[in-house]
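File shown: target.cif. Contents: mmCIF, C-alpha atoms and all ligand atoms.
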```cif
data_coords
loop_
_atom_site.label_atom_id
_atom_site.label_comp_id
_atom_site.auth_asym_id
_atom_site.auth_seq_id
_atom_site.Cartn_x
_atom_site.Cartn_y
_atom_site.Cartn_z
CA MET W 8 -15.87 -18.24 -13.42
CA ILE W 9 -12.67 -20.14 -14.08
CA LEU W 10 -9.36 -18.41 -14.72
CA ALA W 11 -6.72 -20.59 -16.32
CA GLY W 12 -3.12 -19.97 -17.19
CA HIS W 13 -0.12 -19.03 -15.13
CA LEU W 14 -0.73 -18.26 -11.50
CA LEU W 15 1.30 -16.32 -8.97
CA LEU W 16 1.34 -18.38 -5.78
CA PRO W 17 3.22 -18.06 -2.48
CA ASP W 18 6.25 -20.35 -2.48
CA ASP W 19 5.77 -22.57 0.55
CA ASP W 20 9.30 -23.91 0.19
CA ARG W 21 10.76 -20.41 0.32
CA PRO W 22 8.77 -18.27 2.76
CA GLY W 23 8.70 -14.64 1.64
CA HIS W 24 8.83 -15.52 -2.06
CA ALA W 25 6.30 -16.04 -4.82
CA ARG W 26 6.47 -18.66 -7.55
CA LEU W 27 4.77 -19.36 -10.87
CA ALA W 28 2.63 -22.38 -11.63
CA THR W 29 0.13 -23.33 -14.31
CA GLY W 30 -3.38 -24.15 -13.26
CA THR W 31 -6.91 -22.95 -12.75
CA VAL W 32 -8.65 -20.71 -10.26
CA ARG W 33 -12.39 -21.15 -9.76
CA LEU W 34 -14.33 -18.20 -8.42
CA ASP W 35 -17.77 -18.39 -6.91
CA GLY W 36 -19.38 -15.12 -5.90
CA GLU W 37 -16.92 -13.11 -3.86
CA GLN W 38 -14.54 -15.97 -3.13
CA ILE W 39 -11.94 -18.17 -4.68
CA VAL W 40 -13.27 -21.68 -4.11
CA GLU W 41 -10.63 -23.84 -5.78
CA VAL W 42 -7.08 -23.58 -7.09
CA ILE W 43 -5.73 -26.52 -9.05
CA GLU W 44 -2.18 -26.76 -10.31
CA CYS W 45 -2.08 -28.66 -13.60
CA PRO W 46 -0.31 -28.55 -16.96
CA ALA W 47 -1.85 -26.34 -19.65
CA ASP W 48 -3.01 -29.34 -21.70
CA GLN W 49 -5.29 -30.31 -18.83
CA PHE W 50 -7.12 -26.98 -18.65
CA PRO W 51 -10.90 -27.35 -18.94
CA GLN W 52 -12.30 -27.15 -22.48
CA SER W 53 -14.29 -24.00 -21.85
CA ILE W 54 -12.19 -21.44 -20.07
CA ALA W 55 -14.28 -18.48 -19.05
CA ALA W 56 -11.43 -16.05 -18.73
CA ALA W 57 -7.72 -15.65 -19.30
CA GLY W 58 -5.70 -18.28 -21.18
CA PRO W 59 -2.39 -20.14 -21.35
CA GLN W 60 -0.28 -17.02 -22.02
CA SER W 61 -1.89 -15.05 -19.20
CA LEU W 62 -0.86 -14.59 -15.60
CA SER W 63 -3.36 -14.25 -12.77
CA THR W 64 -2.09 -12.67 -9.58
CA PRO W 65 -3.70 -11.63 -6.31
CA GLY W 66 -4.76 -7.96 -6.33
CA PHE W 67 -1.85 -5.74 -5.34
CA ILE W 68 -1.79 -4.09 -1.93
CA ASP W 69 -0.36 -0.60 -1.35
CA THR W 70 0.24 -0.03 2.36
CA HIS W 71 0.96 3.71 2.25
CA LEU W 72 -0.57 6.33 -0.05
CA HIS W 73 -2.29 9.69 0.09
CA LEU W 74 -5.59 9.97 -1.81
CA PRO W 75 -5.54 13.79 -2.15
CA GLN W 76 -2.04 13.80 -3.61
CA PHE W 77 -2.65 12.01 -6.93
CA ASP W 78 -2.98 15.29 -8.83
CA THR W 79 0.29 16.66 -7.47
CA ILE W 80 2.61 13.76 -8.36
CA GLY W 81 5.82 15.09 -9.87
CA ALA W 82 6.60 18.19 -7.78
CA HIS W 83 10.32 17.53 -7.96
CA GLY W 84 13.14 19.40 -6.30
CA LEU W 85 11.69 20.18 -2.88
CA PRO W 86 12.71 18.49 0.36
CA LEU W 87 9.91 17.06 2.50
CA LEU W 88 8.98 19.99 4.76
CA GLU W 89 9.11 22.53 1.89
CA TRP W 90 7.19 20.14 -0.35
CA LEU W 91 4.46 19.81 2.30
CA ASP W 92 4.12 23.60 2.63
CA GLY W 93 4.42 24.49 -1.03
CA VAL W 94 2.51 21.73 -2.79
CA THR W 95 0.83 19.21 -0.54
CA PHE W 96 -1.02 21.38 1.94
CA PRO W 97 -2.54 23.55 -0.83
CA ALA W 98 -3.62 20.34 -2.63
CA GLU W 99 -5.23 18.97 0.52
CA ARG W 100 -7.03 22.25 1.12
CA ARG W 101 -9.23 21.46 -1.89
CA TRP W 102 -10.87 18.69 0.13
CA GLU W 103 -12.69 21.38 2.14
CA ASP W 104 -15.40 20.68 -0.41
CA PRO W 105 -16.66 17.12 0.18
CA ASP W 106 -17.92 16.92 -3.41
CA TYR W 107 -14.41 17.64 -4.62
CA ALA W 108 -13.08 14.91 -2.31
CA ARG W 109 -15.69 12.47 -3.58
CA GLY W 110 -14.96 13.20 -7.24
CA MET W 111 -11.22 13.03 -6.76
CA THR W 112 -11.41 9.75 -4.87
CA GLN W 113 -13.47 8.25 -7.70
CA ARG W 114 -10.72 9.21 -10.14
CA VAL W 115 -8.09 7.79 -7.79
CA VAL W 116 -9.95 4.52 -7.32
CA ASP W 117 -10.20 4.12 -11.10
CA GLN W 118 -6.43 4.58 -11.37
CA LEU W 119 -5.73 2.12 -8.58
CA LEU W 120 -7.88 -0.57 -10.17
CA ALA W 121 -6.34 0.04 -13.61
CA HIS W 122 -2.95 -0.64 -12.03
CA GLY W 123 -4.16 -3.80 -10.31
CA THR W 124 -4.33 -2.40 -6.79
CA THR W 125 -7.26 -3.75 -4.77
CA GLY W 126 -6.08 -3.10 -1.20
CA ILE W 127 -4.88 0.15 0.36
CA CYS W 128 -3.78 1.86 3.55
CA ALA W 129 -4.53 5.47 2.73
CA TYR W 130 -4.52 8.97 4.16
CA ALA W 131 -7.33 11.36 3.32
CA THR W 132 -7.10 14.94 4.67
CA VAL W 133 -7.95 16.74 7.90
CA HIS W 134 -11.46 17.38 6.57
CA HIS W 135 -14.03 15.13 8.19
CA ALA W 136 -16.76 15.35 5.55
CA GLY W 137 -14.25 14.94 2.73
CA THR W 138 -12.70 11.90 4.42
CA HIS W 139 -16.12 10.36 4.99
CA ALA W 140 -17.00 10.89 1.33
CA ALA W 141 -13.71 9.34 0.21
CA MET W 142 -14.30 6.29 2.40
CA GLU W 143 -17.75 5.78 0.93
CA VAL W 144 -16.34 5.89 -2.61
CA ALA W 145 -13.56 3.40 -1.81
CA ARG W 146 -15.97 1.09 -0.01
CA ASP W 147 -18.57 1.19 -2.75
CA ALA W 148 -15.90 0.39 -5.35
CA GLY W 149 -15.20 -2.79 -3.38
CA LEU W 150 -11.66 -1.86 -2.36
CA ARG W 151 -10.29 -3.34 0.79
CA GLY W 152 -8.37 -1.30 3.29
CA VAL W 153 -8.02 1.36 5.89
CA ILE W 154 -8.39 5.09 5.37
CA GLY W 155 -7.80 7.80 7.94
CA GLN W 156 -8.72 11.41 8.50
CA THR W 157 -5.26 12.99 8.69
CA LEU W 158 -4.90 14.51 12.14
CA ILE W 159 -3.23 17.94 12.31
CA GLU W 160 -3.35 20.13 15.36
CA ARG W 161 -0.32 22.38 14.85
CA HIS W 162 2.69 23.27 12.69
CA ALA W 163 0.61 23.44 9.54
CA PRO W 164 -1.37 26.29 7.92
CA ASP W 165 -4.48 27.39 9.84
CA PHE W 166 -6.66 26.11 7.02
CA LEU W 167 -5.53 22.54 7.80
CA SER W 168 -5.28 22.70 11.60
CA ARG W 169 -8.07 21.75 13.99
CA PRO W 170 -8.46 21.50 17.79
CA ALA W 171 -7.51 18.07 19.15
CA ALA W 172 -10.91 17.48 20.78
CA GLN W 173 -12.70 18.01 17.48
CA LEU W 174 -10.34 15.64 15.63
CA LEU W 175 -10.73 12.92 18.26
CA ASP W 176 -14.49 13.19 18.10
CA GLU W 177 -14.47 13.08 14.30
CA THR W 178 -12.14 10.06 14.25
CA ALA W 179 -14.38 8.26 16.73
CA ARG W 180 -17.35 8.94 14.45
CA LEU W 181 -15.49 7.54 11.46
CA LEU W 182 -14.69 4.43 13.51
CA ASP W 183 -18.42 4.11 14.25
CA ALA W 184 -19.33 4.39 10.56
CA PHE W 185 -16.42 2.28 9.28
CA PRO W 186 -15.53 -0.10 12.11
CA PRO W 187 -12.28 -2.01 12.11
CA ASP W 188 -13.89 -5.32 11.24
CA GLY W 189 -14.92 -3.78 7.94
CA SER W 190 -18.59 -4.44 8.54
CA GLY W 191 -19.72 -0.93 7.56
CA VAL W 192 -22.95 -1.20 5.62
CA ARG W 193 -22.54 -0.60 1.94
CA SER W 194 -24.81 2.15 0.68
CA GLY W 195 -27.61 0.83 -1.49
CA GLY W 196 -26.53 -2.78 -1.12
CA SER W 197 -26.81 -5.61 1.30
CA SER W 198 -23.24 -6.73 1.65
CA GLY W 199 -20.76 -5.09 3.98
CA GLY W 200 -17.90 -2.93 2.80
CA ARG W 201 -14.28 -3.67 3.45
CA VAL W 202 -13.06 -0.21 4.28
CA SER W 203 -12.40 0.72 7.87
CA ALA W 204 -11.21 3.87 9.57
CA ALA W 205 -7.66 4.25 10.87
CA VAL W 206 -6.32 6.57 13.55
CA THR W 207 -3.98 8.72 11.46
CA PRO W 208 -1.76 11.36 13.08
CA ARG W 209 0.01 12.97 10.09
CA PHE W 210 3.29 12.84 12.03
CA ALA W 211 4.40 13.87 15.50
CA ILE W 212 5.32 17.36 14.26
CA THR W 213 1.62 18.13 13.79
CA CYS W 214 0.39 16.65 17.11
CA THR W 215 1.15 17.22 20.78
CA ALA W 216 2.10 14.36 23.11
CA GLU W 217 -1.25 14.73 24.93
CA PHE W 218 -3.22 14.52 21.70
CA MET W 219 -1.29 11.45 20.56
CA ALA W 220 -1.87 9.74 23.93
CA GLU W 221 -5.61 10.21 23.44
CA MET W 222 -5.32 8.79 19.95
CA GLY W 223 -3.47 5.79 21.35
CA GLN W 224 -6.28 5.21 23.81
CA LEU W 225 -8.93 5.50 21.10
CA ALA W 226 -7.07 3.09 18.83
CA ALA W 227 -6.76 0.59 21.70
CA GLU W 228 -10.46 0.85 22.60
CA ARG W 229 -11.48 0.25 18.99
CA ASP W 230 -8.70 -2.15 17.96
CA ALA W 231 -8.03 0.22 15.10
CA PHE W 232 -5.14 0.50 12.67
CA ILE W 233 -2.79 3.42 13.27
CA GLN W 234 -0.94 5.13 10.43
CA SER W 235 1.68 7.84 10.54
CA HIS W 236 5.10 8.92 9.28
CA LEU W 237 8.39 8.26 11.00
CA ALA W 238 12.01 9.38 10.51
CA GLU W 239 11.75 10.22 6.82
CA THR W 240 14.24 13.10 6.71
CA VAL W 241 17.01 14.54 8.88
CA PRO W 242 15.45 18.02 9.31
CA GLU W 243 12.16 16.37 10.35
CA CYS W 244 13.99 14.28 12.98
CA GLU W 245 15.80 17.38 14.25
CA PHE W 246 12.51 19.22 14.62
CA ILE W 247 11.05 16.26 16.53
CA ALA W 248 14.01 16.29 18.94
CA GLU W 249 13.37 20.00 19.53
CA LEU W 250 9.62 19.57 20.05
CA PHE W 251 9.89 16.55 22.36
CA ASP W 252 12.96 17.44 24.45
CA GLY W 253 15.26 14.99 22.75
CA THR W 254 12.99 11.96 23.10
CA SER W 255 13.65 9.56 20.23
CA TYR W 256 11.11 9.75 17.42
CA VAL W 257 10.05 6.13 17.96
CA ASP W 258 9.61 6.69 21.69
CA VAL W 259 7.42 9.73 21.03
CA TYR W 260 4.95 7.35 19.40
CA GLY W 261 5.62 4.55 21.90
CA ASP W 262 4.95 6.82 24.88
CA ALA W 263 1.57 7.65 23.37
CA GLY W 264 0.58 3.99 22.95
CA LEU W 265 0.86 4.31 19.18
CA LEU W 266 3.25 1.38 18.61
CA THR W 267 1.09 -1.69 18.15
CA PRO W 268 1.01 -4.66 15.72
CA LYS W 269 -1.62 -2.64 13.82
CA SER W 270 0.58 0.46 13.45
CA ILE W 271 2.04 1.28 10.04
CA TYR W 272 4.71 3.97 9.87
CA GLY W 273 5.77 5.33 6.51
CA HIS W 274 9.52 5.54 5.71
CA GLY W 275 11.53 4.75 8.89
CA ILE W 276 14.85 5.70 7.27
CA TYR W 277 16.71 7.23 10.21
CA LEU W 278 16.42 4.63 12.98
CA ASP W 279 19.06 3.40 15.40
CA SER W 280 19.29 0.01 17.08
CA ASP W 281 17.15 1.05 20.07
CA ASP W 282 14.46 2.30 17.70
CA ARG W 283 14.53 -0.97 15.83
CA LYS W 284 14.29 -2.88 19.08
CA SER W 285 11.18 -0.94 20.11
CA LEU W 286 9.58 -1.53 16.72
CA ALA W 287 10.43 -5.24 16.78
CA GLN W 288 9.15 -5.67 20.34
CA THR W 289 5.84 -3.93 19.72
CA GLY W 290 5.28 -5.39 16.24
CA ALA W 291 4.77 -1.94 14.72
CA MET W 292 5.44 -1.95 10.98
CA ILE W 293 7.49 0.23 8.67
CA ALA W 294 5.95 0.86 5.26
CA HIS W 295 8.96 1.06 2.97
CA CYS W 296 8.34 3.74 0.33
CA PRO W 297 11.34 3.57 -2.02
CA THR W 298 9.95 5.75 -4.83
CA ALA W 299 9.05 8.57 -2.43
CA ASN W 300 12.39 8.31 -0.67
CA SER W 301 14.26 8.79 -3.93
CA PHE W 302 11.89 11.42 -5.36
CA LEU W 303 12.02 13.69 -2.30
CA ARG W 304 15.72 12.82 -1.84
CA SER W 305 14.97 11.85 1.74
CA GLY W 306 17.52 9.03 1.92
CA THR W 307 17.55 5.28 1.36
CA MET W 308 15.82 2.97 3.78
CA ASP W 309 17.86 -0.08 4.77
CA ARG W 310 15.18 -2.74 4.56
CA ARG W 311 17.68 -5.53 4.97
CA SER W 312 18.96 -4.23 8.32
CA HIS W 313 15.44 -3.62 9.59
CA ARG W 314 14.38 -7.15 8.74
CA ALA W 315 17.55 -8.64 10.19
CA ARG W 316 16.47 -7.06 13.48
CA ASP W 317 12.92 -8.37 13.19
CA VAL W 318 11.31 -5.08 12.26
CA ARG W 319 8.19 -5.89 10.25
CA THR W 320 8.21 -4.17 6.86
CA THR W 321 5.57 -3.63 4.19
CA LEU W 322 5.72 -1.75 0.89
CA GLY W 323 3.88 1.37 -0.25
CA SER W 324 3.81 3.89 -3.09
CA ASP W 325 3.45 6.96 -0.85
CA ILE W 326 1.78 8.84 -3.68
CA GLY W 327 2.27 11.80 -4.20
CA GLY W 328 5.72 11.97 -2.48
CA GLY W 329 6.10 8.78 -4.52
CA TYR W 330 5.46 9.11 -8.25
CA GLU W 331 4.66 5.51 -9.06
CA ARG W 332 1.08 4.23 -9.21
CA SER W 333 2.00 0.65 -10.09
CA MET W 334 2.88 -1.54 -7.15
CA VAL W 335 4.86 -3.74 -9.55
CA ARG W 336 7.19 -0.83 -10.22
CA VAL W 337 7.29 0.02 -6.51
CA GLY W 338 8.38 -3.61 -6.02
CA ARG W 339 11.11 -3.00 -8.57
CA ALA W 340 12.16 0.15 -6.72
CA MET W 341 12.44 -1.93 -3.55
CA ILE W 342 15.06 -4.07 -5.32
CA GLU W 343 16.87 -0.99 -6.65
CA ALA W 344 16.96 0.67 -3.21
CA ALA W 345 18.41 -2.52 -1.70
CA ALA W 346 20.98 -2.72 -4.50
CA SER W 347 22.15 0.83 -3.86
CA PHE W 348 23.91 -0.42 -0.72
CA ALA W 349 27.03 -1.38 -2.62
CA SER W 350 28.46 -3.57 0.11
CA VAL W 351 25.55 -6.04 -0.01
CA PRO W 352 26.48 -9.12 -2.06
CA ALA W 353 24.22 -9.58 -5.10
CA LYS W 354 22.98 -12.95 -3.89
CA GLU W 355 21.61 -11.32 -0.73
CA LEU W 356 19.53 -8.72 -2.58
CA PRO W 357 15.78 -9.23 -2.78
CA GLY W 358 14.85 -10.62 -6.17
CA ALA W 359 11.68 -10.42 -8.21
CA SER W 360 10.08 -13.40 -6.45
CA GLU W 361 10.41 -11.55 -3.13
CA ALA W 362 9.07 -8.30 -4.59
CA TRP W 363 6.05 -10.05 -6.15
CA TRP W 364 5.40 -11.73 -2.80
CA GLN W 365 5.71 -8.43 -0.93
CA ILE W 366 3.12 -6.56 -3.03
CA THR W 367 0.62 -9.43 -2.65
CA THR W 368 0.88 -12.02 0.12
CA GLY W 369 3.48 -10.15 2.17
CA ASN W 370 1.53 -6.93 2.50
CA ALA W 371 -1.70 -8.84 3.20
CA LYS W 372 -0.06 -10.96 5.86
CA ALA W 373 1.41 -7.93 7.60
CA LEU W 374 -2.03 -6.33 7.72
CA GLY W 375 -3.60 -9.50 9.10
CA TRP W 376 -5.76 -10.00 6.01
CA SER W 377 -5.69 -13.77 6.23
CA ASP W 378 -8.07 -14.16 3.27
CA GLY W 379 -6.24 -11.61 1.11
CA GLY W 380 -3.16 -11.42 -1.08
CA ARG W 381 -3.36 -15.06 -2.14
CA LEU W 382 -4.84 -17.22 -4.85
CA ALA W 383 -6.16 -19.96 -2.57
CA ALA W 384 -9.46 -21.62 -1.74
CA GLY W 385 -11.31 -19.46 0.76
CA ALA W 386 -9.49 -16.26 -0.20
CA SER W 387 -11.33 -13.20 -1.37
CA ALA W 388 -11.59 -13.09 -5.18
CA ASP W 389 -9.41 -10.02 -5.68
CA VAL W 390 -7.49 -10.98 -8.80
CA VAL W 391 -5.51 -9.25 -11.54
CA VAL W 392 -5.48 -10.86 -14.99
CA ILE W 393 -2.33 -9.91 -16.90
CA GLU W 394 -1.44 -10.55 -20.54
CA PRO W 395 2.22 -9.71 -21.20
CA ASP W 396 3.08 -8.79 -24.79
CA ILE W 397 6.64 -10.00 -24.50
CA ARG W 398 7.85 -13.55 -24.97
CA TRP W 399 7.91 -14.61 -21.35
CA LEU W 400 7.12 -18.26 -22.01
CA PRO W 401 8.61 -20.61 -24.61
CA ALA W 402 6.67 -20.37 -27.89
CA VAL W 403 4.26 -23.27 -28.36
CA ASP W 404 6.14 -24.42 -31.48
CA GLN W 405 9.56 -23.96 -29.83
CA PRO W 406 9.22 -25.62 -26.43
CA GLU W 407 12.96 -26.27 -26.37
CA ASN W 408 13.68 -22.52 -26.07
CA GLU W 409 13.57 -22.37 -22.33
CA PRO W 410 13.59 -18.86 -20.80
CA LEU W 411 17.08 -17.50 -20.13
CA VAL W 412 15.82 -15.09 -17.47
CA ASP W 413 13.67 -15.87 -14.45
CA PRO W 414 10.16 -15.18 -15.83
CA LEU W 415 9.13 -13.35 -12.63
CA ALA W 416 12.12 -11.02 -13.09
CA LEU W 417 11.36 -10.52 -16.77
CA LEU W 418 7.76 -9.59 -15.99
CA MET W 419 8.72 -7.22 -13.19
CA TRP W 420 11.50 -5.37 -14.99
CA ALA W 421 9.74 -5.19 -18.36
CA TRP W 422 6.42 -4.37 -16.73
CA ASP W 423 3.84 -2.44 -18.74
CA ASP W 424 0.57 -1.29 -17.18
CA ARG W 425 -1.21 -2.08 -20.46
CA TRP W 426 -0.76 -5.75 -19.60
CA VAL W 427 -3.45 -5.44 -16.92
CA LYS W 428 -6.51 -6.78 -18.70
CA GLN W 429 -8.87 -7.18 -15.80
CA THR W 430 -8.97 -6.38 -12.12
CA LEU W 431 -11.57 -8.31 -10.15
CA VAL W 432 -12.69 -7.21 -6.72
CA ARG W 433 -14.74 -9.71 -4.79
CA GLY W 434 -15.18 -11.65 -8.00
CA GLN W 435 -16.55 -8.73 -10.01
CA PRO W 436 -14.65 -7.02 -12.83
CA ALA W 437 -13.94 -3.55 -11.50
CA TYR W 438 -11.53 -2.73 -14.32
CA ASP W 439 -11.97 -4.54 -17.60
CA THR W 440 -10.37 -4.02 -20.99
CA THR W 441 -11.50 -7.35 -22.39
CA SER W 442 -14.93 -6.12 -23.44
CA ASN W 443 -13.52 -3.28 -25.61
N1 LIG W 501 5.20 13.45 6.41
C1 LIG W 501 4.09 14.10 6.85
N2 LIG W 501 3.16 14.19 5.87
C2 LIG W 501 3.68 13.58 4.80
C3 LIG W 501 3.19 13.34 3.47
O1 LIG W 501 2.09 13.72 3.09
N3 LIG W 501 4.03 12.66 2.64
C4 LIG W 501 5.26 12.23 3.02
N4 LIG W 501 6.03 11.57 2.15
N5 LIG W 501 5.73 12.45 4.25
C5 LIG W 501 4.96 13.12 5.13
ZN ZN W 502 3.09 9.44 3.29
#
```
Would it be possible to restate this file's structure as structure tokens?
Amino acid sequence: MILAGHLLLPDDDRPGHARLATGTVRLDGEQIVEVIECPADQFPQSIAAAGPQSLSTPGFIDTHLHLPQFDTIGAHGLPLLEWLDGVTFPAERRWEDPDYARGMTQRVVDQLLAHGTTGICAYATVHHAGTHAAMEVARDAGLRGVIGQTLIERHAPDFLSRPAAQLLDETARLLDAFPPDGSGVRSGGSSGGRVSAAVTPRFAITCTAEFMAEMGQLAAERDAFIQSHLAETVPECEFIAELFDGTSYVDVYGDAGLLTPKSIYGHGIYLDSDDRKSLAQTGAMIAHCPTANSFLRSGTMDRRSHRARDVRTTLGSDIGGGYERSMVRVGRAMIEAAASFASVPAKELPGASEAWWQITTGNAKALGWSDGGRLAAGASADVVVIEPDIRWLPAVDQPENEPLVDPLALLMWAWDDRWVKQTLVRGQPAYDTTSN
């Protein structure tokens, strides 16, 4: 298959930014085998898919979301800890039934693909069978990513709390079934899946230091991703200080061996310079979740300061604390959050080219997915075909009317999910409106 039209490519001249080009992308099986930049009048005669007005981008990557929370998006007005108790824990309880978890994950996967998301770092629930079922669904849909059984030992309702030994054993079994290299066998098919298990303490409030140290050991033995939450709200940080005798929140995780280059911590709003130093030194990442931070009124994360101190950052929707299923709009929220720091000069704010890069190449790079997040020969054929209905290119009969706005900014700020025409995973249409 050949896709032709506009392409979103990493800008090699400006690391951390994306750029637009015209050209063709040839797919063969599960891979992109060739990308050629050329003017539209040199496109091949028979274009199998897309066209000159279309934009093909790498599949979007969401580095922090909660699968069981898609049906509870929109519970506004509660701060984090009350929101967890009142809305989120009851929602997660429904995953006691693995069939419910399976059915819900299928609905979630359909939504992700319809929004162009092909890669995820996701939390399931504390339920082992439900998590296993969710991982099978995500893997069989062809998604790439890590999913974790959410580990809760204490400070949560009894119906969501489990003994540490049981949770460690269950996590180890998920790592057996879905190993970190993503080679888990796909049910009913010959090719391997791309979903692996992650060690996923919900946050340090729900786990003792001893339990987390065992998790750190397990993650090290298996070279597994670690996901958790960090410094999202002031009351949460105060509770951590109480539980861990004043040890800093970052050190609580560090002492347990949970700060590694494969650790992804959601939020990271309330961090001081020592915390940032520890994160930078260990390579642990902060998943910036701007829509959740504004929705739960947790605060505004200072991405610029984190990056200036070499803290690695990614971007995530944090559904359902976040309300936004489109990573393009989460990218937009990243710009808005940065702009809310009034003292930052406009020219130093991230622009659309940085946000487009972050939701594709940037997130992939941070996760070590060297063949993901890019339209390039050898990359996995995870591609979104987009057809904007606004005039984002000069009309064919009016080539002199050059755009007055950066086209990448126009597309991001005017974004409409109906523009997603096709989402390909491993070269196969997994969401397709073109056949209707
Ligand atoms: N902290 C612990 N659990 C959660 C969760 O589910 N969502 C958010 N936003 N923060 C958390
Ligand atoms: Zn979260």
Close residues to ligand ZN 502 (chain W) using only C-alpha atoms and all ligand atoms, limit 9 Å, as a ChimeraX atom specification: /W:71-73,129-130,209,235-236,272-274,296,299,323-329
Just need the box for ligand LIG 501 (chain W), edges along x, y and z, holding every atom the file lists for it with 8 Å tacked onto each side, so centre and edge lengths in Å to one decimal, as JSON.
```
{"center_x": 4.1, "center_y": 12.9, "center_z": 4.5, "size_x": 19.9, "size_y": 18.6, "size_z": 20.7}
```
Neighbours of point (6.3, -13.5, -8.5) within 8 Å, using only C-alpha atoms, written as an MDAnalysis selection string: chainID W and resid 15:16 24:27 359:364 415:416
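Taking only C-alpha atoms, the non-local environment of stretch 37-44 of chain W within 6 Å (same-chain residues fewer than 5 positions away omitted) comprises Thr29, Gly30, Thr31, Val32, Ala383, Ala384, Gly385, Ala386, Ser387, Ala388, Arg433 and Gly434 of chain W.
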As a check of understanding: the span from atom CA of W:Met142 to atom CA of W:Leu175 is 17.6 Å
Between atom CA of W:Pro75 and atom CA of W:Ala121, what distance in Å does the model show, to one decimal?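 A separation of 17.9 Å between them.
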Contacts of W:Gly110 within 10 Å, all atoms listed in the file, excl. fewer than 4 positions in-chain, as a ChimeraX atom specification: /W:105-106,114-115,140-141,144
